[in-house]
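Read through the structure below, which is laid out as structure tokens, and then see the notes.
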Amino acid sequence: MRLEAAVRWRMSVSSRAGRNEAWRQYADSPGAKRAFDVVVSAAALVVLTPVLVLVALLVRVELGSPVIFRQERPGLGGSPFTILKFRTMKDDRLPNGHQRPDAERATRFGTWLRSLSIDELPELVNVLRGDMSIVGPRPLLSEYLPRYTPEQLRRHSVRPGITGWAQVHGRSTTDWPERFALDVWYADHRSMALDLHIIAMTIRQVLAREGITGPGGGPERFRGATGSGENRAR
């Protein structure tokens, strides 16, 4: 089970970290994590500027405007913030004005952006602002907040992340209960060593395109502990 693997990893890291407890405590402090987020996100935005500009132009040509998808998501403590992503779907609508299903609005170009997680790059701005962290539970829809159990709600005790422990253990293929359990496990055991481990795993999985489902091919939304949408995570 993925949680059992997480426990084994934590025990191995703890035994090594014990040799330098003072450094471990400093590296795992909230201030050190925030400094890491600022340095990494700022450096990445500078280095990736040509890529961001090119992708923005391609999105404009392929999908139209706006280039950036904005949506309110719950952050630290459940406080709302606006997440930024590159658009990956058309804005096709039904005669009544409602958007068509995701599967009908999906494009090959958008699916390609998602498969390489390129659509997530604007979230580096969210990290720089302090809305998000490089590593943490993924920010889900605000409508899910009242549906969480008290235990699941603890995933909001840390900043949401671009990548996280649940993402490197199945990504969008895990079911809701397991995904939330992994998120809570991360909140309880977060450390700089764990963050670096997650980042390394994320790079490997993105290059291998593991655990990805296309738009419209995913499961129902989360409907709560007693709802019918407790199958797989989006």
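Just remember, in the structure tokens the first chain shown is A, the second B, etc., residues are 1-based per chain, and ligands are 1-based in the order shown.
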
Residues at most 10 Å from Lys33 (chain A), counting only C-alpha atoms, excluding those fewer than 2 positions away in the same chain, as a list of chain:residue names?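 Contacts, in chain order: A:Tyr26, A:Ala27, A:Asp28, A:Ser29, A:Pro30, A:Gly31, A:Ala35, A:Phe36, A:Asp37, A:Val38, A:Ser133, A:Ile134, A:Val135, A:Ser191, A:Met192, A:Asp195.
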
Output file for the residues above (N, CA, C and O atoms, as a PDB file, in the first residue's frame):
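Below you can see part_19.pdb, which holds the result:
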ATOM      1  N   TYR A  26      16.303  23.327  11.237  1.00  0.00           N
ATOM      2  CA  TYR A  26      16.334  24.590  10.492  1.00  0.00           C
ATOM      3  C   TYR A  26      15.730  24.400   9.103  1.00  0.00           C
ATOM      4  O   TYR A  26      14.897  25.193   8.649  1.00  0.00           O
ATOM      5  N   ALA A  27      16.146  23.341   8.409  1.00  0.00           N
ATOM      6  CA  ALA A  27      15.672  23.100   7.054  1.00  0.00           C
ATOM      7  C   ALA A  27      14.171  22.856   7.011  1.00  0.00           C
ATOM      8  O   ALA A  27      13.511  23.157   6.007  1.00  0.00           O
ATOM      9  N   ASP A  28      13.606  22.312   8.088  1.00  0.00           N
ATOM     10  CA  ASP A  28      12.188  21.978   8.120  1.00  0.00           C
ATOM     11  C   ASP A  28      11.320  23.092   8.697  1.00  0.00           C
ATOM     12  O   ASP A  28      10.117  22.925   8.843  1.00  0.00           O
ATOM     13  N   SER A  29      11.898  24.241   9.022  1.00  0.00           N
ATOM     14  CA  SER A  29      11.120  25.341   9.591  1.00  0.00           C
ATOM     15  C   SER A  29      10.267  25.997   8.513  1.00  0.00           C
ATOM     16  O   SER A  29      10.618  25.983   7.324  1.00  0.00           O
ATOM     17  N   PRO A  30       9.115  26.585   8.897  1.00  0.00           N
ATOM     18  CA  PRO A  30       8.246  27.253   7.911  1.00  0.00           C
ATOM     19  C   PRO A  30       8.979  28.344   7.136  1.00  0.00           C
ATOM     20  O   PRO A  30       8.748  28.525   5.936  1.00  0.00           O
ATOM     21  N   GLY A  31       9.861  29.072   7.825  1.00  0.00           N
ATOM     22  CA  GLY A  31      10.600  30.138   7.154  1.00  0.00           C
ATOM     23  C   GLY A  31      11.523  29.606   6.075  1.00  0.00           C
ATOM     24  O   GLY A  31      11.640  30.200   4.990  1.00  0.00           O
ATOM     25  N   ALA A  35      11.274  30.378   2.089  1.00  0.00           N
ATOM     26  CA  ALA A  35      12.432  30.912   1.368  1.00  0.00           C
ATOM     27  C   ALA A  35      12.765  30.030   0.167  1.00  0.00           C
ATOM     28  O   ALA A  35      13.083  30.532  -0.924  1.00  0.00           O
ATOM     29  N   PHE A  36      12.692  28.727   0.356  1.00  0.00           N
ATOM     30  CA  PHE A  36      12.930  27.788  -0.737  1.00  0.00           C
ATOM     31  C   PHE A  36      11.926  28.018  -1.861  1.00  0.00           C
ATOM     32  O   PHE A  36      12.287  28.065  -3.039  1.00  0.00           O
ATOM     33  N   ASP A  37      10.646  28.187  -1.499  1.00  0.00           N
ATOM     34  CA  ASP A  37       9.602  28.414  -2.500  1.00  0.00           C
ATOM     35  C   ASP A  37       9.867  29.688  -3.294  1.00  0.00           C
ATOM     36  O   ASP A  37       9.720  29.710  -4.525  1.00  0.00           O
ATOM     37  N   VAL A  38      10.251  30.766  -2.601  1.00  0.00           N
ATOM     38  CA  VAL A  38      10.480  32.052  -3.272  1.00  0.00           C
ATOM     39  C   VAL A  38      11.661  31.957  -4.230  1.00  0.00           C
ATOM     40  O   VAL A  38      11.585  32.392  -5.386  1.00  0.00           O
ATOM     41  N   SER A 133       2.708  26.526  -2.460  1.00  0.00           N
ATOM     42  CA  SER A 133       4.088  26.099  -2.240  1.00  0.00           C
ATOM     43  C   SER A 133       4.497  25.240  -3.434  1.00  0.00           C
ATOM     44  O   SER A 133       3.648  24.807  -4.215  1.00  0.00           O
ATOM     45  N   ILE A 134       5.790  25.005  -3.590  1.00  0.00           N
ATOM     46  CA  ILE A 134       6.229  24.091  -4.642  1.00  0.00           C
ATOM     47  C   ILE A 134       5.656  22.699  -4.363  1.00  0.00           C
ATOM     48  O   ILE A 134       5.163  22.013  -5.254  1.00  0.00           O
ATOM     49  N   VAL A 135       5.704  22.283  -3.085  1.00  0.00           N
ATOM     50  CA  VAL A 135       5.224  20.957  -2.692  1.00  0.00           C
ATOM     51  C   VAL A 135       4.128  21.100  -1.647  1.00  0.00           C
ATOM     52  O   VAL A 135       4.272  21.837  -0.668  1.00  0.00           O
ATOM     53  N   SER A 191       8.768  17.748   5.439  1.00  0.00           N
ATOM     54  CA  SER A 191      10.156  18.095   5.740  1.00  0.00           C
ATOM     55  C   SER A 191      10.835  18.488   4.438  1.00  0.00           C
ATOM     56  O   SER A 191      10.337  18.196   3.346  1.00  0.00           O
ATOM     57  N   MET A 192      11.983  19.137   4.545  1.00  0.00           N
ATOM     58  CA  MET A 192      12.707  19.523   3.346  1.00  0.00           C
ATOM     59  C   MET A 192      13.171  18.284   2.577  1.00  0.00           C
ATOM     60  O   MET A 192      13.136  18.249   1.343  1.00  0.00           O
ATOM     61  N   ASP A 195      10.247  16.998   0.684  1.00  0.00           N
ATOM     62  CA  ASP A 195       9.936  17.866  -0.452  1.00  0.00           C
ATOM     63  C   ASP A 195      10.886  17.604  -1.622  1.00  0.00           C
ATOM     64  O   ASP A 195      10.453  17.519  -2.780  1.00  0.00           O
TER      65      ASP A 195
END

With the cut-off set at 6 Å and counting only C-alpha atoms, tabulate each residue of region 89-164 of chain A with an atom at most that distance from an atom of region 76-83 of chain A, showing the nearest atom pair and its distance in Å to one decimal, ordered by chain and increasing number, as JSON lines.
{"residue": "A:His156", "atom": "CA", "partner": "A:Gly77", "partner_atom": "CA", "distance": 5.1}
{"residue": "A:Ser157", "atom": "CA", "partner": "A:Gly77", "partner_atom": "CA", "distance": 5.6}
{"residue": "A:Val158", "atom": "CA", "partner": "A:Leu76", "partner_atom": "CA", "distance": 5.5}
{"residue": "A:Arg159", "atom": "CA", "partner": "A:Leu76", "partner_atom": "CA", "distance": 4.6}

For all heavy atoms, I'd like the residues from the last selection saved as a compact mmCIF listing (two decimals), in the first residue's frame.
# COMPACT_ATOMS: atom_id res chain seq x y z
N HIS A 156 -5.63 21.02 4.56
CA HIS A 156 -5.52 22.47 4.41
C HIS A 156 -4.73 23.11 5.55
O HIS A 156 -4.70 24.34 5.66
CB HIS A 156 -6.91 23.10 4.31
CG HIS A 156 -7.60 22.79 3.03
ND1 HIS A 156 -7.23 23.36 1.83
CD2 HIS A 156 -8.63 21.95 2.74
CE1 HIS A 156 -8.01 22.90 0.87
NE2 HIS A 156 -8.86 22.03 1.39
N SER A 157 -4.05 22.30 6.35
CA SER A 157 -3.18 22.85 7.41
C SER A 157 -1.83 23.28 6.85
O SER A 157 -1.02 23.86 7.57
CB SER A 157 -2.98 21.82 8.53
OG SER A 157 -2.29 20.67 8.05
N VAL A 158 -1.59 22.99 5.57
CA VAL A 158 -0.37 23.44 4.89
C VAL A 158 -0.77 24.10 3.57
O VAL A 158 -1.88 23.90 3.08
CB VAL A 158 0.59 22.25 4.61
CG1 VAL A 158 1.11 21.66 5.91
CG2 VAL A 158 -0.10 21.18 3.76
N ARG A 159 0.13 24.88 3.01
CA ARG A 159 -0.15 25.50 1.71
C ARG A 159 -0.30 24.43 0.64
O ARG A 159 0.42 23.44 0.64
CB ARG A 159 0.98 26.45 1.31
CG ARG A 159 0.96 27.81 2.00
CD ARG A 159 1.98 28.74 1.35
NE ARG A 159 1.96 30.06 1.96
CZ ARG A 159 2.73 30.42 2.98
NH1 ARG A 159 3.58 29.54 3.50
NH2 ARG A 159 2.66 31.63 3.48

May I ask for the distance between CA of His189 (chain A) and CA of Arg223 (chain A), given in Å to one decimal place?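 Interatomic distance, CA of His189 (chain A) to CA of Arg223 (chain A): 27.2 Å.
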
To one decimal place in Å, what is the distance between CA of Val168 (chain A) and CA of Thr202 (chain A)? 6.0 Å

For a test of reading the model, state the distance in Å between CA of Thr174 (chain A) and CA of Ala200 (chain A), rounded to one decimal. 19.8 Å

What are the DSSP strand (DSSP E or B) residues of region 34-164 of chain A, as a list in words?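 DSSP-assigned strand (DSSP E or B) residues in region 34-164 of chain A: Ile68, Phe69, Arg70, Gln71, Glu72, Arg73, Pro74, Pro80, Phe81, Thr82, Ile83, Leu84, Lys85, Phe86, Met89, Arg93, Gln99, Ala106, Ser133, Ile134, Val135, Gly161, Ile162 and Thr163 of chain A.
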
Using DSSP on the backbone, list every residue of region 131-228 of chain A that comes out as helix (DSSP H, G or I), and give them as a ChimeraX atom specification. /A:142-147,150-157,171-173,176-189,192-208

Could you name the residues that touch Leu124 (chain A) at 9 Å or less, counting only C-alpha atoms, but leaving out those on the same chain fewer than 2 positions away, as a JSON list (two decimals) with C-alpha atoms, in the first residue's frame?
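And here is the file that came out, result08.json:
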[["chain", "number", "residue", "atom", "x", "y", "z"],
["A", 40, "VAL", "CA", 12.86, 28.30, -6.71],
["A", 41, "SER", "CA", 9.73, 29.96, -8.15],
["A", 42, "ALA", "CA", 11.53, 33.23, -8.94],
["A", 44, "ALA", "CA", 12.12, 29.16, -12.54],
["A", 45, "LEU", "CA", 10.06, 32.09, -13.81],
["A", 84, "LEU", "CA", -3.43, 30.43, -12.51],
["A", 120, "GLU", "CA", 0.72, 24.18, -14.41],
["A", 121, "LEU", "CA", 3.68, 26.55, -15.02],
["A", 122, "PRO", "CA", 1.75, 29.78, -14.26],
["A", 126, "ASN", "CA", 0.98, 31.65, -7.11],
["A", 127, "VAL", "CA", 4.00, 30.25, -5.28],
["A", 128, "LEU", "CA", 5.85, 33.57, -5.48],
["A", 129, "ARG", "CA", 2.76, 35.37, -4.14],
["A", 132, "MET", "CA", 0.91, 28.05, -2.88],
["A", 133, "SER", "CA", 4.09, 26.10, -2.24],
["A", 134, "ILE", "CA", 6.23, 24.09, -4.64],
["A", 162, "ILE", "CA", 2.17, 22.45, -7.56]]

Exercise: Pro139 (chain A) partners within 8 Å, only C-alpha atoms, chain neighbours under 4 positions left out, as a list in words: Arg73, Pro74, Gly75, Pro160 and Gly161 of chain A

Take the residues from that selection and put them in a file with N, CA, C and O atoms, as a PDB file, in the first residue's frame.
ATOM      1  N   ARG A  73      -9.696  28.686  -5.665  1.00  0.00           N
ATOM      2  CA  ARG A  73      -9.408  27.429  -4.991  1.00  0.00           C
ATOM      3  C   ARG A  73      -9.124  27.718  -3.522  1.00  0.00           C
ATOM      4  O   ARG A  73      -8.679  28.814  -3.166  1.00  0.00           O
ATOM      5  N   PRO A  74      -9.340  26.755  -2.623  1.00  0.00           N
ATOM      6  CA  PRO A  74      -9.020  26.957  -1.214  1.00  0.00           C
ATOM      7  C   PRO A  74      -7.535  26.724  -0.956  1.00  0.00           C
ATOM      8  O   PRO A  74      -6.951  25.750  -1.434  1.00  0.00           O
ATOM      9  N   GLY A  75      -6.931  27.625  -0.192  1.00  0.00           N
ATOM     10  CA  GLY A  75      -5.522  27.501   0.136  1.00  0.00           C
ATOM     11  C   GLY A  75      -5.304  27.155   1.593  1.00  0.00           C
ATOM     12  O   GLY A  75      -6.068  26.393   2.190  1.00  0.00           O
ATOM     13  N   PRO A 160      -1.218  24.625  -0.287  1.00  0.00           N
ATOM     14  CA  PRO A 160      -1.328  23.690  -1.411  1.00  0.00           C
ATOM     15  C   PRO A 160      -0.094  23.799  -2.293  1.00  0.00           C
ATOM     16  O   PRO A 160       0.616  24.813  -2.262  1.00  0.00           O
ATOM     17  N   GLY A 161       0.164  22.757  -3.079  1.00  0.00           N
ATOM     18  CA  GLY A 161       1.385  22.734  -3.867  1.00  0.00           C
ATOM     19  C   GLY A 161       1.164  22.470  -5.346  1.00  0.00           C
ATOM     20  O   GLY A 161       0.101  21.999  -5.768  1.00  0.00           O
TER      21      GLY A 161
END

Do a neighbour search on Asp119 (chain A) at 12 Å with only C-alpha atoms, toss out local chain neighbours closer than 4 positions, and write the hits as a PyMOL selection string. chain A and resi 51-52+55-56+58-59+67-70+83-89+109-115+123-124+162

Next, dump the selected residues to file, keeping only C-alpha atoms, as an mmCIF file, in the first residue's frame.
data_model
loop_
_atom_site.group_PDB
_atom_site.id
_atom_site.type_symbol
_atom_site.label_atom_id
_atom_site.label_comp_id
_atom_site.auth_asym_id
_atom_site.auth_seq_id
_atom_site.Cartn_x
_atom_site.Cartn_y
_atom_site.Cartn_z
ATOM 1 C CA VAL A 51 8.878 28.881 -22.677
ATOM 2 C CA LEU A 52 6.055 30.766 -20.957
ATOM 3 C CA VAL A 55 3.226 28.562 -24.743
ATOM 4 C CA ALA A 56 1.084 31.675 -24.228
ATOM 5 C CA LEU A 58 0.420 28.842 -28.864
ATOM 6 C CA VAL A 59 -2.554 28.819 -26.488
ATOM 7 C CA VAL A 67 -4.687 32.517 -22.368
ATOM 8 C CA ILE A 68 -4.690 32.072 -18.593
ATOM 9 C CA PHE A 69 -7.362 30.010 -16.832
ATOM 10 C CA ARG A 70 -8.310 31.506 -13.460
ATOM 11 C CA ILE A 83 -5.131 29.709 -9.186
ATOM 12 C CA LEU A 84 -3.432 30.435 -12.513
ATOM 13 C CA LYS A 85 -3.013 27.900 -15.320
ATOM 14 C CA PHE A 86 -2.649 27.871 -19.072
ATOM 15 C CA ARG A 87 -5.944 27.079 -20.795
ATOM 16 C CA THR A 88 -6.172 23.533 -22.119
ATOM 17 C CA MET A 89 -9.742 23.473 -23.464
ATOM 18 C CA PHE A 109 -2.905 20.484 -28.015
ATOM 19 C CA GLY A 110 -4.491 20.904 -24.585
ATOM 20 C CA THR A 111 -4.036 17.223 -23.784
ATOM 21 C CA TRP A 112 -0.366 17.552 -24.697
ATOM 22 C CA LEU A 113 0.014 20.525 -22.333
ATOM 23 C CA ARG A 114 -1.566 18.513 -19.540
ATOM 24 C CA SER A 115 0.493 15.395 -20.214
ATOM 25 C CA GLU A 123 1.238 28.439 -10.744
ATOM 26 C CA LEU A 124 4.836 29.508 -10.104
ATOM 27 C CA ILE A 162 2.167 22.446 -7.555
#
